[in-house]
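A.B. asks: Following this line is target_15.txt, made up of compact mmCIF, C-alpha atoms:
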# COMPACT_ATOMS: atom_id res chain seq x y z
CA MET A 135 -69.52 -95.54 53.92
CA VAL A 136 -69.38 -92.14 55.58
CA LYS A 137 -67.82 -89.23 53.80
CA SER A 138 -64.65 -89.06 55.92
CA GLU A 139 -63.92 -92.75 55.32
CA ARG A 140 -64.38 -92.29 51.60
CA ILE A 141 -61.97 -89.38 51.62
CA THR A 142 -59.53 -91.46 53.66
CA THR A 143 -59.78 -94.31 51.18
CA LEU A 144 -59.22 -91.95 48.29
CA VAL A 145 -56.20 -90.33 49.90
CA LYS A 146 -54.73 -93.73 50.75
CA ASN A 147 -55.09 -94.81 47.17
CA ILE A 148 -53.39 -91.68 45.96
CA TYR A 149 -50.64 -92.14 48.52
CA PHE A 150 -49.81 -95.68 47.57
CA SER A 151 -50.07 -94.93 43.87
CA LEU A 152 -47.60 -92.10 44.34
CA SER A 153 -45.35 -94.43 46.31
CA VAL A 154 -45.25 -96.97 43.54
CA PHE A 155 -44.86 -94.24 40.96
CA SER A 156 -41.90 -92.69 42.77
CA ILE A 157 -40.15 -96.00 43.20
CA SER A 158 -40.72 -96.79 39.54
CA MET A 159 -39.38 -93.39 38.55
CA PHE A 160 -36.33 -94.06 40.64
CA VAL A 161 -35.75 -97.41 38.97
CA ILE A 162 -36.18 -95.82 35.54
CA SER A 163 -33.82 -92.96 36.27
CA CYS A 164 -31.19 -95.34 37.62
CA SER A 165 -31.43 -97.76 34.73
CA ASN A 166 -31.24 -95.03 32.09
CA SER A 167 -28.62 -92.81 33.66
CA GLU A 168 -25.66 -94.43 31.90
CA THR A 169 -27.19 -94.79 28.46
CA ALA A 170 -28.58 -91.26 28.55
CA ASN A 171 -25.07 -89.87 29.06
CA PRO A 172 -22.75 -91.56 26.61
CA GLY A 173 -19.85 -89.43 27.81
CA ALA A 174 -20.39 -90.25 31.45
CA TYR A 175 -17.25 -90.04 33.47
CA LYS A 176 -17.43 -93.34 35.20
CA SER A 177 -14.21 -93.61 37.08
CA ALA A 178 -15.19 -93.09 40.68
CA THR A 179 -11.61 -93.20 41.89
CA ALA A 180 -10.76 -90.27 39.63
CA TYR A 181 -13.14 -88.02 41.52
CA TYR A 182 -11.58 -88.97 44.79
CA SER A 183 -8.05 -88.55 43.57
CA ILE A 184 -8.34 -85.13 41.94
CA ARG A 185 -7.10 -83.27 44.96
CA LYS A 186 -4.06 -85.37 45.62
CA ASN A 187 -3.24 -85.47 41.91
CA PHE A 188 -3.64 -81.74 41.53
CA ARG A 189 -0.19 -81.23 40.10
CA ILE A 190 0.08 -77.85 38.40
CA GLU A 191 3.88 -77.86 38.21
CA SER A 192 5.89 -80.52 36.45
CA SER A 193 9.32 -80.78 34.85
CA GLY A 194 10.11 -79.94 31.23
CA SER A 195 9.34 -76.96 29.07
CA PHE A 196 5.76 -78.05 28.60
CA PRO A 197 4.29 -79.21 31.89
CA ASP A 198 0.97 -81.01 31.95
CA SER A 199 -1.51 -78.22 32.49
CA LEU A 200 -4.89 -76.72 31.70
CA ALA A 201 -4.97 -72.93 31.46
CA PRO A 202 -7.94 -70.86 32.57
CA VAL A 203 -10.65 -71.08 29.92
CA PHE A 204 -11.98 -67.90 28.38
CA PRO A 205 -14.20 -66.00 28.06
CA ASN A 206 -15.29 -66.80 31.57
CA PRO A 207 -18.07 -66.02 32.28
CA PHE A 208 -19.43 -66.89 28.85
CA ASN A 209 -22.29 -64.68 27.73
CA ARG A 210 -24.11 -65.13 24.42
CA GLN A 211 -25.75 -61.74 24.80
CA THR A 212 -22.38 -60.04 24.50
CA GLY A 213 -21.46 -61.99 21.37
CA ASP A 214 -19.50 -64.89 22.84
CA THR A 215 -19.76 -67.93 20.59
CA VAL A 216 -16.90 -70.23 21.61
CA ILE A 217 -14.90 -71.05 24.71
CA ASN A 218 -11.15 -71.21 24.24
CA VAL A 219 -9.26 -74.05 25.84
CA PHE A 220 -5.46 -74.13 26.19
CA PHE A 221 -3.48 -77.01 27.59
CA SER A 222 0.02 -78.42 27.43
CA LEU A 223 1.58 -81.86 27.57
CA LYS A 224 5.08 -82.69 28.68
CA ASP A 225 4.99 -86.01 26.85
CA THR A 226 2.82 -88.03 24.48
CA ALA A 227 -0.29 -89.10 26.31
CA GLU A 228 -3.95 -89.90 26.09
CA VAL A 229 -5.88 -86.70 26.67
CA LYS A 230 -9.51 -86.46 27.58
CA ILE A 231 -11.23 -83.12 28.00
CA ILE A 232 -14.80 -83.30 29.18
CA ILE A 233 -17.45 -80.84 30.24
CA GLN A 234 -19.25 -81.67 33.46
CA ASN A 235 -22.16 -80.20 35.34
CA PRO A 236 -21.56 -79.20 38.99
CA ILE A 237 -22.54 -82.66 40.18
CA GLY A 238 -19.78 -84.20 38.08
CA ASP A 239 -21.83 -85.76 35.30
CA SER A 240 -20.38 -85.54 31.84
CA ILE A 241 -22.29 -83.21 29.51
CA ALA A 242 -20.00 -83.40 26.52
CA VAL A 243 -16.63 -84.79 25.48
CA TYR A 244 -14.49 -82.13 23.82
CA ARG A 245 -11.40 -84.20 23.12
CA ASP A 246 -10.48 -87.82 23.58
CA SER A 247 -7.30 -88.71 21.70
CA LEU A 248 -3.60 -89.52 21.85
CA LEU A 249 -1.59 -86.31 21.50
CA PRO A 250 2.12 -85.45 21.14
CA PRO A 251 3.98 -83.24 23.64
CA GLY A 252 3.63 -79.49 23.43
CA THR A 253 0.81 -77.05 23.70
CA GLY A 254 -2.70 -77.64 22.48
CA SER A 255 -5.63 -75.36 22.05
CA GLY A 256 -9.08 -75.28 20.61
CA ALA A 257 -12.40 -73.54 20.56
CA TRP A 258 -15.37 -75.31 21.99
CA GLN A 259 -18.96 -74.35 21.29
CA PRO A 260 -20.95 -74.85 24.47
CA LEU A 261 -23.19 -77.63 23.21
CA ASN A 262 -24.21 -80.81 24.93
CA ALA A 263 -23.74 -84.35 23.59
CA ALA A 264 -26.96 -84.01 21.59
CA GLY A 265 -25.74 -80.80 19.94
CA GLU A 266 -28.04 -78.49 21.89
CA ARG A 267 -26.97 -75.23 23.48
CA LEU A 268 -25.99 -75.50 27.10
CA LYS A 269 -28.25 -73.54 29.36
CA ALA A 270 -27.06 -70.86 31.75
CA GLY A 271 -25.32 -72.39 34.70
CA LEU A 272 -22.05 -73.62 36.13
CA TYR A 273 -19.93 -76.24 34.39
CA PHE A 274 -16.53 -77.80 34.71
CA ILE A 275 -14.02 -78.21 31.96
CA THR A 276 -11.84 -81.07 33.10
CA ILE A 277 -8.67 -82.35 31.48
CA ARG A 278 -7.35 -85.78 32.23
CA ILE A 279 -3.93 -86.75 30.96
CA ALA A 280 -2.53 -90.28 30.92
CA PRO A 281 -5.33 -91.85 32.93
CA ASN A 282 -3.69 -95.28 32.77
CA ASP A 283 -0.29 -94.08 33.94
CA ALA A 284 -0.35 -93.97 37.73
CA ALA A 285 2.95 -92.05 37.87
CA ARG A 286 1.62 -89.25 35.69
CA ASN A 287 -2.16 -89.26 35.70
CA TYR A 288 -2.71 -85.52 35.68
CA ILE A 289 -6.19 -84.12 36.18
CA ASN A 290 -7.38 -80.55 36.53
CA SER A 291 -10.74 -78.76 36.42
CA ARG A 292 -11.71 -75.20 35.63
CA LEU A 293 -15.09 -73.87 36.61
CA LEU A 294 -16.97 -72.11 33.83
CA GLN A 295 -20.02 -69.92 34.14
CA ILE A 296 -22.53 -69.53 31.31
CA GLU A 297 -24.50 -66.42 32.09
CA SER A 298 -27.37 -66.37 29.62
CA ASN A 299 -29.38 -68.67 27.40
CA GLU A 300 -29.57 -66.30 24.44
CA MET B 245 -29.79 -99.01 17.93
CA ILE B 246 -29.08 -97.68 21.44
CA ALA B 247 -31.99 -95.24 21.17
CA HIS B 248 -34.22 -98.12 20.15
CA GLU B 249 -33.13 -100.16 23.17
CA ILE B 250 -33.74 -97.22 25.51
CA HIS B 251 -37.17 -96.70 23.98
CA LYS B 252 -37.98 -100.40 24.34
CA ARG B 253 -36.81 -100.44 27.95
CA LYS B 254 -38.82 -97.30 28.73
CA ASN B 255 -41.93 -98.91 27.28
CA THR B 256 -41.42 -101.97 29.45
CA TYR B 257 -40.96 -99.84 32.53
CA MET B 258 -44.03 -97.77 31.72
CA LYS B 259 -46.13 -100.91 31.37
CA LEU B 260 -44.79 -102.27 34.65
CA LEU B 261 -45.42 -98.91 36.27
CA ILE B 262 -49.04 -98.71 35.17
CA LEU B 263 -49.64 -102.31 36.16
CA SER B 264 -48.11 -101.84 39.58
CA ILE B 265 -50.13 -98.68 40.20
CA LEU B 266 -53.34 -100.50 39.34
CA ILE B 267 -52.54 -103.53 41.49
CA THR B 268 -51.39 -101.46 44.44
CA SER B 269 -54.42 -99.21 44.28
CA LEU B 270 -56.69 -102.22 44.33
CA ILE B 271 -54.88 -103.85 47.23
CA PHE B 272 -54.73 -100.78 49.36
CA SER B 273 -58.23 -99.59 48.62
CA SER B 274 -59.42 -102.70 50.41
CA LEU B 275 -56.82 -102.45 53.17
CA SER B 276 -57.48 -98.81 53.83
CA ALA B 277 -61.09 -99.56 54.63
CA GLN B 278 -59.85 -101.61 57.58
CA VAL B 279 -58.28 -98.61 59.27
CA LEU B 280 -60.79 -97.17 61.65
CA ALA B 281 -60.92 -93.62 62.85
CA ASP B 282 -60.11 -93.37 66.56
CA SER B 283 -63.29 -91.75 67.70
CA GLY B 284 -63.69 -90.05 71.03
CA LYS B 285 -60.45 -88.05 70.88
CA GLN B 286 -60.11 -84.44 70.00
CA LEU B 287 -57.98 -83.70 66.97
CA PRO B 288 -54.95 -81.48 67.49
CA ASP B 289 -55.13 -78.16 65.65
CA ILE B 290 -51.60 -78.43 64.39
CA ILE B 291 -48.59 -80.73 64.73
CA PHE B 292 -45.04 -79.40 64.56
CA PHE B 293 -42.10 -81.61 63.83
CA VAL B 294 -38.34 -81.31 63.47
CA GLU B 295 -35.90 -83.88 62.20
CA GLY B 296 -32.22 -84.52 61.65
CA ALA B 297 -31.34 -87.01 58.94
CA GLY B 298 -28.51 -88.58 57.05
CA PHE B 299 -28.74 -88.27 53.29
CA ILE B 300 -27.73 -90.82 50.64
CA PRO B 301 -28.20 -89.55 47.06
CA PHE B 302 -29.43 -91.95 44.42
CA ARG B 303 -27.05 -90.66 41.77
CA GLU B 304 -23.56 -92.08 41.99
CA SER B 305 -21.87 -88.86 40.91
CA TYR B 306 -23.72 -86.82 43.54
CA ARG B 307 -22.92 -89.45 46.15
CA ILE B 308 -19.18 -89.72 45.54
CA ASN B 309 -18.42 -86.12 44.59
CA TYR B 310 -20.15 -84.45 47.52
CA HIS B 311 -20.66 -84.94 51.20
CA THR B 312 -23.31 -83.45 53.45
CA SER B 313 -21.99 -80.91 55.88
CA LEU B 314 -24.26 -78.66 57.90
CA ALA B 315 -22.08 -76.68 60.30
CA GLY B 316 -19.58 -79.51 60.10
CA ILE B 317 -22.18 -82.17 60.90
CA PRO B 318 -23.07 -84.64 58.15
CA LEU B 319 -26.80 -84.17 58.57
CA GLU B 320 -29.68 -82.51 56.79
CA PHE B 321 -32.29 -80.61 58.73
CA ALA B 322 -36.02 -80.98 58.23
CA GLY B 323 -39.12 -79.61 59.85
CA GLY B 324 -42.69 -78.75 59.16
CA ILE B 325 -46.28 -78.73 60.20
CA CYS B 326 -49.18 -81.11 59.86
CA PHE B 327 -52.85 -80.24 59.84
CA PRO B 328 -54.86 -83.27 60.99
CA VAL B 329 -57.84 -84.15 58.85
CA ASN B 330 -58.88 -87.03 61.06
CA MET B 331 -57.17 -89.22 63.68
CA SER B 332 -55.19 -90.97 60.98
CA LEU B 333 -54.60 -88.53 58.16
CA SER B 334 -52.88 -85.15 58.10
CA ALA B 335 -52.08 -82.63 55.43
CA MET B 336 -48.36 -81.93 55.59
CA PHE B 337 -46.00 -79.10 54.79
CA GLU B 338 -42.36 -79.97 55.20
CA PHE B 339 -39.05 -78.39 54.35
CA ARG B 340 -35.64 -80.04 54.13
CA TYR B 341 -32.38 -78.22 54.05
CA LYS B 342 -29.06 -79.74 53.20
CA ARG B 343 -25.68 -78.33 52.43
CA ARG B 344 -23.39 -80.51 50.35
CA THR B 345 -19.79 -79.64 49.62
CA ALA B 346 -17.70 -81.03 46.79
CA VAL B 347 -14.87 -83.36 47.64
CA TYR B 348 -13.24 -83.18 44.22
CA ILE B 349 -12.57 -79.46 44.00
CA PRO B 350 -12.31 -76.77 46.67
CA ASP B 351 -14.95 -74.10 47.28
CA LEU B 352 -17.89 -75.69 45.56
CA ARG B 353 -21.12 -76.33 47.43
CA ILE B 354 -24.77 -76.99 46.78
CA LYS B 355 -27.35 -75.78 49.26
CA THR B 356 -30.68 -77.45 48.70
CA LEU B 357 -33.98 -76.33 50.11
CA GLU B 358 -36.80 -78.77 49.48
CA ILE B 359 -40.45 -78.07 50.16
CA GLU B 360 -42.81 -81.00 50.32
CA LEU B 361 -46.57 -80.63 50.10
CA GLY B 362 -48.31 -83.84 50.87
CA ALA B 363 -50.17 -86.09 53.25
CA ARG B 364 -49.11 -88.10 56.24
CA ASP B 365 -51.09 -91.07 57.37
CA TYR B 366 -50.91 -93.63 60.16
CA LEU B 367 -50.97 -97.07 58.63
CA GLU B 368 -52.14 -98.79 61.79
CA LYS B 369 -54.32 -98.04 64.79
CA GLU B 370 -52.94 -96.36 67.88
CA HIS B 371 -51.90 -98.59 70.77
CA GLU B 372 -50.88 -97.23 74.13
CA ASN B 373 -47.11 -97.01 74.66
CA ASP B 374 -46.39 -98.78 71.43
CA LEU B 375 -44.79 -97.95 68.12
CA ARG B 376 -47.10 -96.81 65.36
CA LEU B 377 -46.36 -97.11 61.67
CA TYR B 378 -46.93 -94.13 59.42
CA GLY B 379 -46.39 -93.22 55.79
CA ASN B 380 -46.30 -90.00 53.87
CA ALA B 381 -46.24 -88.88 50.27
CA GLY B 382 -46.07 -85.58 48.52
CA LEU B 383 -44.92 -83.28 45.82
CA LEU B 384 -41.38 -81.93 46.10
CA LEU B 385 -40.23 -78.51 45.01
CA ALA B 386 -36.52 -77.85 45.31
CA ARG B 387 -34.13 -74.99 44.89
CA ALA B 388 -30.48 -76.00 44.69
CA ALA B 389 -28.12 -73.04 44.96
CA THR B 390 -24.72 -73.95 43.56
CA THR B 391 -21.86 -71.72 44.57
CA GLY B 392 -18.28 -71.91 43.36
CA THR B 393 -15.26 -69.85 42.40
CA ILE B 394 -14.50 -69.02 38.77
CA GLU B 395 -11.47 -67.43 37.17
CA VAL B 396 -12.81 -64.32 35.49
CA THR B 397 -10.95 -63.65 32.28
CA GLY B 398 -11.80 -62.38 28.81
CA ASP B 399 -8.59 -63.50 27.08
CA GLY B 400 -7.05 -66.11 29.35
CA ASN B 401 -4.60 -63.62 30.87
CA ASN B 402 -4.57 -62.20 34.40
CA PRO B 403 -7.57 -64.15 35.67
CA LYS B 404 -9.20 -62.91 38.84
CA THR B 405 -11.21 -65.18 41.05
CA THR B 406 -14.75 -64.41 42.05
CA GLU B 407 -17.55 -66.33 43.68
CA VAL B 408 -20.52 -67.13 41.47
CA SER B 409 -23.83 -68.78 42.19
CA LYS B 410 -26.57 -70.41 40.17
CA ASP B 411 -29.98 -71.58 41.31
CA TYR B 412 -31.40 -74.80 39.89
CA PHE B 413 -35.09 -75.56 40.34
CA ASN B 414 -36.57 -79.00 40.33
CA ILE B 415 -39.84 -80.85 40.88
CA GLY B 416 -40.19 -84.34 42.24
CA LEU B 417 -42.14 -86.82 44.25
CA ALA B 418 -41.51 -88.11 47.73
CA VAL B 419 -42.64 -91.00 49.86
CA GLY B 420 -41.79 -91.83 53.42
CA LEU B 421 -42.24 -94.54 55.95
CA GLY B 422 -41.53 -94.55 59.65
CA VAL B 423 -42.47 -95.50 63.16
CA GLU B 424 -43.52 -93.16 65.92
CA TYR B 425 -43.25 -93.66 69.65
CA PRO B 426 -45.54 -91.46 71.77
CA PHE B 427 -44.21 -89.97 75.01
CA SER B 428 -47.62 -88.54 75.81
CA ASN B 429 -50.69 -87.23 73.99
CA VAL B 430 -48.69 -84.17 73.11
CA SER B 431 -45.28 -85.33 72.02
CA ALA B 432 -43.71 -88.23 70.21
CA MET B 433 -40.42 -89.29 68.72
CA TYR B 434 -40.16 -90.88 65.32
CA PHE B 435 -37.71 -92.67 63.11
CA GLY B 436 -38.37 -92.39 59.42
CA ILE B 437 -37.10 -93.06 55.93
CA HIS B 438 -37.78 -90.45 53.28
CA LEU B 439 -37.32 -91.07 49.58
CA GLY B 440 -37.29 -88.23 47.07
CA VAL B 441 -37.01 -88.41 43.30
CA TYR B 442 -36.62 -85.39 41.00
CA PHE B 443 -37.29 -85.38 37.29
CA SER B 444 -37.81 -81.86 35.92
CA ASP B 445 -34.23 -80.63 35.55
CA PRO B 446 -32.45 -83.09 33.25
CA ILE B 447 -28.68 -83.23 32.93
CA ALA B 448 -28.88 -83.18 29.14
CA SER B 449 -30.29 -79.66 29.18
CA GLY B 450 -27.77 -78.33 31.65
CA GLY B 451 -29.60 -79.16 34.86
CA LEU B 452 -28.47 -81.05 37.90
CA GLY B 453 -30.67 -84.06 37.20
CA ASN B 454 -32.07 -86.14 39.98
CA ILE B 455 -30.69 -84.68 43.20
CA GLY B 456 -32.98 -86.78 45.32
CA GLY B 457 -32.07 -89.59 47.58
CA LEU B 458 -32.78 -91.51 50.70
CA SER B 459 -32.92 -89.70 54.04
CA ILE B 460 -32.87 -91.65 57.25
CA GLY B 461 -33.77 -89.51 60.20
CA LEU B 462 -34.84 -89.12 63.77
CA GLY B 463 -37.46 -86.54 64.67
CA TYR B 464 -39.67 -85.09 67.34
CA ARG B 465 -43.35 -84.22 67.01
CA LEU B 466 -45.38 -81.83 69.10
CA SER B 467 -49.16 -81.56 68.94
CA VAL B 468 -50.94 -78.32 69.79
CA TRP B 469 -54.61 -78.00 70.60
Please rewrite the model in this file as structure tokens.

C.D. replies:
Amino acid sequence: MVKSERITTLVKNIYFSLSVFSISMFVISCSNSETANPGAYKSATAYYSIRKNFRIESSGSFPDSLAPVFPNPFNRQTGDTVINVFFSLKDTAEVKIIIQNPIGDSIAVYRDSLLPPGTGSGAWQPLNAAGERLKAGLYFITIRIAPNDAARNYINSRLLQIESNE
Amino acid sequence: MIAHEIHKRKNTYMKLLILSILITSLIFSSLSAQVLADSGKQLPDIIFFVEGAGFIPFRESYRINYHTSLAGIPLEFAGGICFPVNMSLSAMFEFRYKRRTAVYIPDLRIKTLEIELGARDYLEKEHENDLRLYGNAGLLLARAATTGTIEVTGDGNNPKTTEVSKDYFNIGLAVGLGVEYPFSNVSAMYFGIHLGVYFSDPIASGGLGNIGGLSIGLGYRLSVW
């Protein structure tokens, strides 16, 4: 076998091995994507309906809302340790507050409970579901109120920037 | 319990992966010997190519939350150069650019520039005025620039909006398959499928995860001697 044919054979082997490897990687990543993110926000329709359900104003003294989170941007170098979240409910409802990456995948679930009407607040340490510090980047804090009530079903997102890793 | 199941499943996949690599290598090492070099023709010095493609991400969240929009057209743009090694095989440098905008919140977009370093190979011999099958594989390097608008506030009062951006870097692997139709010795048109998988920027650590997908495109190739 001449040298060029041997090189060709070698490259072909590498090529097809890489092909199989990539496809296998794809299968692995697809099969593990749900289990690797226990807080995954699975409702596809919710993503589509955010815009039309973007209802900032509502009746009552406590409208369903999510206030701007702060400090934003969040910077550990300047001493920031927690992100403050304020929201209000006009009526008793299931409330889910999740943290998403820019793609829309859930990184962490901050609150998932039935709450009475009124205002709510809390401090969230920017950690992922495994308890590790979130790296610098862009994230969404999304509130979803009364997901099973089509008449109410409020959802709102605030973009958060984490500026540094340390 | 769940971790144990994931671990078990990963082990099974890894075994299947290794087995499939071995089998495929054996099969194609024998097949590849059947491809003959087309002697008697002069190799081009360089081959340029450009391509427009539709993009379908593998990840559901990336697929439903974003749509591709390059100047209002739902296409990604690709191009590159090939350096022929012989009549069948070429070393390849390719870039792919796509701009995806979020559908679930205004003013959020991800501009991805992918660079692929790899090889492109014809999987069958050349026949005059006939389609010719080719494949390619390579290493992917990607930079995904995410741009959005945040409400800047230190205490929650009087927020001001400003545009912020963050670059995410990723490494992956790509394979492609297509058919080429020659117009002449110099130029050809091709239709190809390109599959990219990324794995170095996991979601759990704040990354974008696998931003790869399937691209189905139409391109034009030009050989230069």

A.B. asks: Expressed in Å to a single decimal, how great is the separation between atom CA of A:Gly265 and atom CA of B:Gly450?

C.D. replies: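 Interatomic distance here is 12.1 Å.
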
A.B. asks: With all atoms listed in the file as the basis for distance, which of A:Glu297, A:Glu139, A:Asp214, A:Asp246 is at the shortest distance from A:Ile233?

C.D. replies: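 Smallest distance to A:Ile233 is found for A:Asp246.
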
A.B. asks: So that I can check the surroundings of B:Thr356, please list as a PDB file with C-alpha atoms, in the frame of the given file every protein, DNA and RNA residue that reaches within 7 Å of it, counting all atoms listed in the file and ignoring chain neighbours fewer than 6 positions away.

C.D. replies:
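The result, written out as around_33.pdb:
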ATOM      1  CA  TYR B 341     -32.380 -78.220  54.050  1.00  0.00           C
ATOM      2  CA  LYS B 342     -29.060 -79.740  53.200  1.00  0.00           C
ATOM      3  CA  ARG B 343     -25.680 -78.330  52.430  1.00  0.00           C
ATOM      4  CA  ALA B 386     -36.520 -77.850  45.310  1.00  0.00           C
ATOM      5  CA  ARG B 387     -34.130 -74.990  44.890  1.00  0.00           C
ATOM      6  CA  ALA B 388     -30.480 -76.000  44.690  1.00  0.00           C
ATOM      7  CA  ALA B 389     -28.120 -73.040  44.960  1.00  0.00           C
TER       8      ALA B 389
END

A.B. asks: Residues at most 6 Å from stretch 303-309 of chain B, counting all atoms listed in the file, excluding those fewer than 4 positions away in the same chain, as a list of chain:residue names?

C.D. replies: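 The contact residues come out as A:Ile237, A:Gly238, B:Ala346, B:Val347, B:Tyr348.
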
A.B. asks: Which is closer to chain A than all the others in B:Leu375, B:Leu462, B:Ile415, B:Ile349, using only C-alpha atoms?

C.D. replies: B:Ile349

A.B. asks: I need the residue nearest B:Gly382 from this list: A:Tyr273, A:Phe221, A:Phe208, A:Tyr149. Use all atoms listed in the file for the distance.

C.D. replies: A:Tyr149

A.B. asks: Smallest atom-to-atom distance to chain B: which of A:Lys224, A:Arg278, A:Arg245, A:Arg267, using all atoms listed in the file?

C.D. replies: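 Closest residue, counting all atoms listed in the file: A:Arg267.
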
A.B. asks: Work out how far atom CA of A:Leu294 is from atom CA of B:Thr397, in Å to one decimal.

C.D. replies: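 Atom CA of A:Leu294 lies at a distance of 10.5 Å from atom CA of B:Thr397.
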
A.B. asks: As an exercise, work out the distance from atom CA of B:Gly457 to atom CA of B:Leu439 in Å and give it to one decimal place.

C.D. replies: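 Interatomic distance, atom CA of B:Gly457 to atom CA of B:Leu439: 5.8 Å.
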
A.B. asks: Looking at B:Gly420, B:Pro301, B:Pro446, B:Gly436, which one is nearest to A:Leu268, with distances taken over only C-alpha atoms?

C.D. replies: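 Smallest distance to A:Leu268 is found for B:Pro446.
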
A.B. asks: With all atoms listed in the file as the basis for distance, which of B:Leu352, B:Leu287, B:Ile460, B:Leu319 is at the shortest distance from chain A?

C.D. replies: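 When distances to chain A are compared using all atoms listed in the file, the smallest one comes from B:Leu352.
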
A.B. asks: Hey, what's within 6 Å of stretch 289-298 of chain B if we count all atoms listed in the file and toss same-chain stuff fewer than 2 positions away? As a PyMOL selection string, please?

C.D. replies: chain B and resi 319-327+459-469

A.B. asks: Output requested as a compact mmCIF listing (two decimals), keeping the file's coordinate frame - stretch 224-241 of chain A, filled out with N, CA and C atoms.

C.D. replies:
# COMPACT_ATOMS: atom_id res chain seq x y z
N LYS A 224 3.61 -82.56 28.63
CA LYS A 224 5.08 -82.69 28.68
C LYS A 224 5.55 -83.91 27.88
N ASP A 225 4.63 -84.80 27.58
CA ASP A 225 4.99 -86.01 26.85
C ASP A 225 3.75 -86.53 26.12
N THR A 226 3.96 -87.44 25.18
CA THR A 226 2.82 -88.03 24.48
C THR A 226 1.91 -88.73 25.48
N ALA A 227 0.64 -88.50 25.34
CA ALA A 227 -0.29 -89.10 26.31
C ALA A 227 -1.71 -89.09 25.77
N GLU A 228 -2.50 -89.95 26.36
CA GLU A 228 -3.95 -89.90 26.09
C GLU A 228 -4.50 -88.68 26.81
N VAL A 229 -5.30 -87.91 26.09
CA VAL A 229 -5.88 -86.70 26.67
C VAL A 229 -7.39 -86.75 26.53
N LYS A 230 -8.05 -86.51 27.62
CA LYS A 230 -9.51 -86.46 27.58
C LYS A 230 -9.95 -85.15 28.22
N ILE A 231 -10.68 -84.37 27.45
CA ILE A 231 -11.23 -83.12 28.00
C ILE A 231 -12.75 -83.25 27.96
N ILE A 232 -13.34 -83.17 29.11
CA ILE A 232 -14.80 -83.30 29.18
C ILE A 232 -15.41 -82.09 29.85
N ILE A 233 -16.69 -81.92 29.61
CA ILE A 233 -17.45 -80.84 30.24
C ILE A 233 -18.44 -81.50 31.19
N GLN A 234 -18.41 -81.06 32.44
CA GLN A 234 -19.25 -81.67 33.46
C GLN A 234 -20.18 -80.62 34.07
N ASN A 235 -21.31 -81.08 34.55
CA ASN A 235 -22.16 -80.20 35.34
C ASN A 235 -21.60 -80.16 36.77
N PRO A 236 -22.15 -79.32 37.64
CA PRO A 236 -21.56 -79.20 38.99
C PRO A 236 -21.56 -80.49 39.79
N ILE A 237 -22.47 -81.39 39.45
CA ILE A 237 -22.54 -82.66 40.18
C ILE A 237 -21.36 -83.56 39.79
N GLY A 238 -20.87 -83.37 38.57
CA GLY A 238 -19.78 -84.20 38.08
C GLY A 238 -20.17 -85.10 36.93
N ASP A 239 -21.39 -84.96 36.44
CA ASP A 239 -21.83 -85.76 35.30
C ASP A 239 -21.29 -85.16 34.01
N SER A 240 -20.91 -86.01 33.11
CA SER A 240 -20.38 -85.54 31.84
C SER A 240 -21.50 -85.02 30.95
N ILE A 241 -21.30 -83.81 30.42
CA ILE A 241 -22.29 -83.21 29.51
C ILE A 241 -21.83 -83.41 28.08
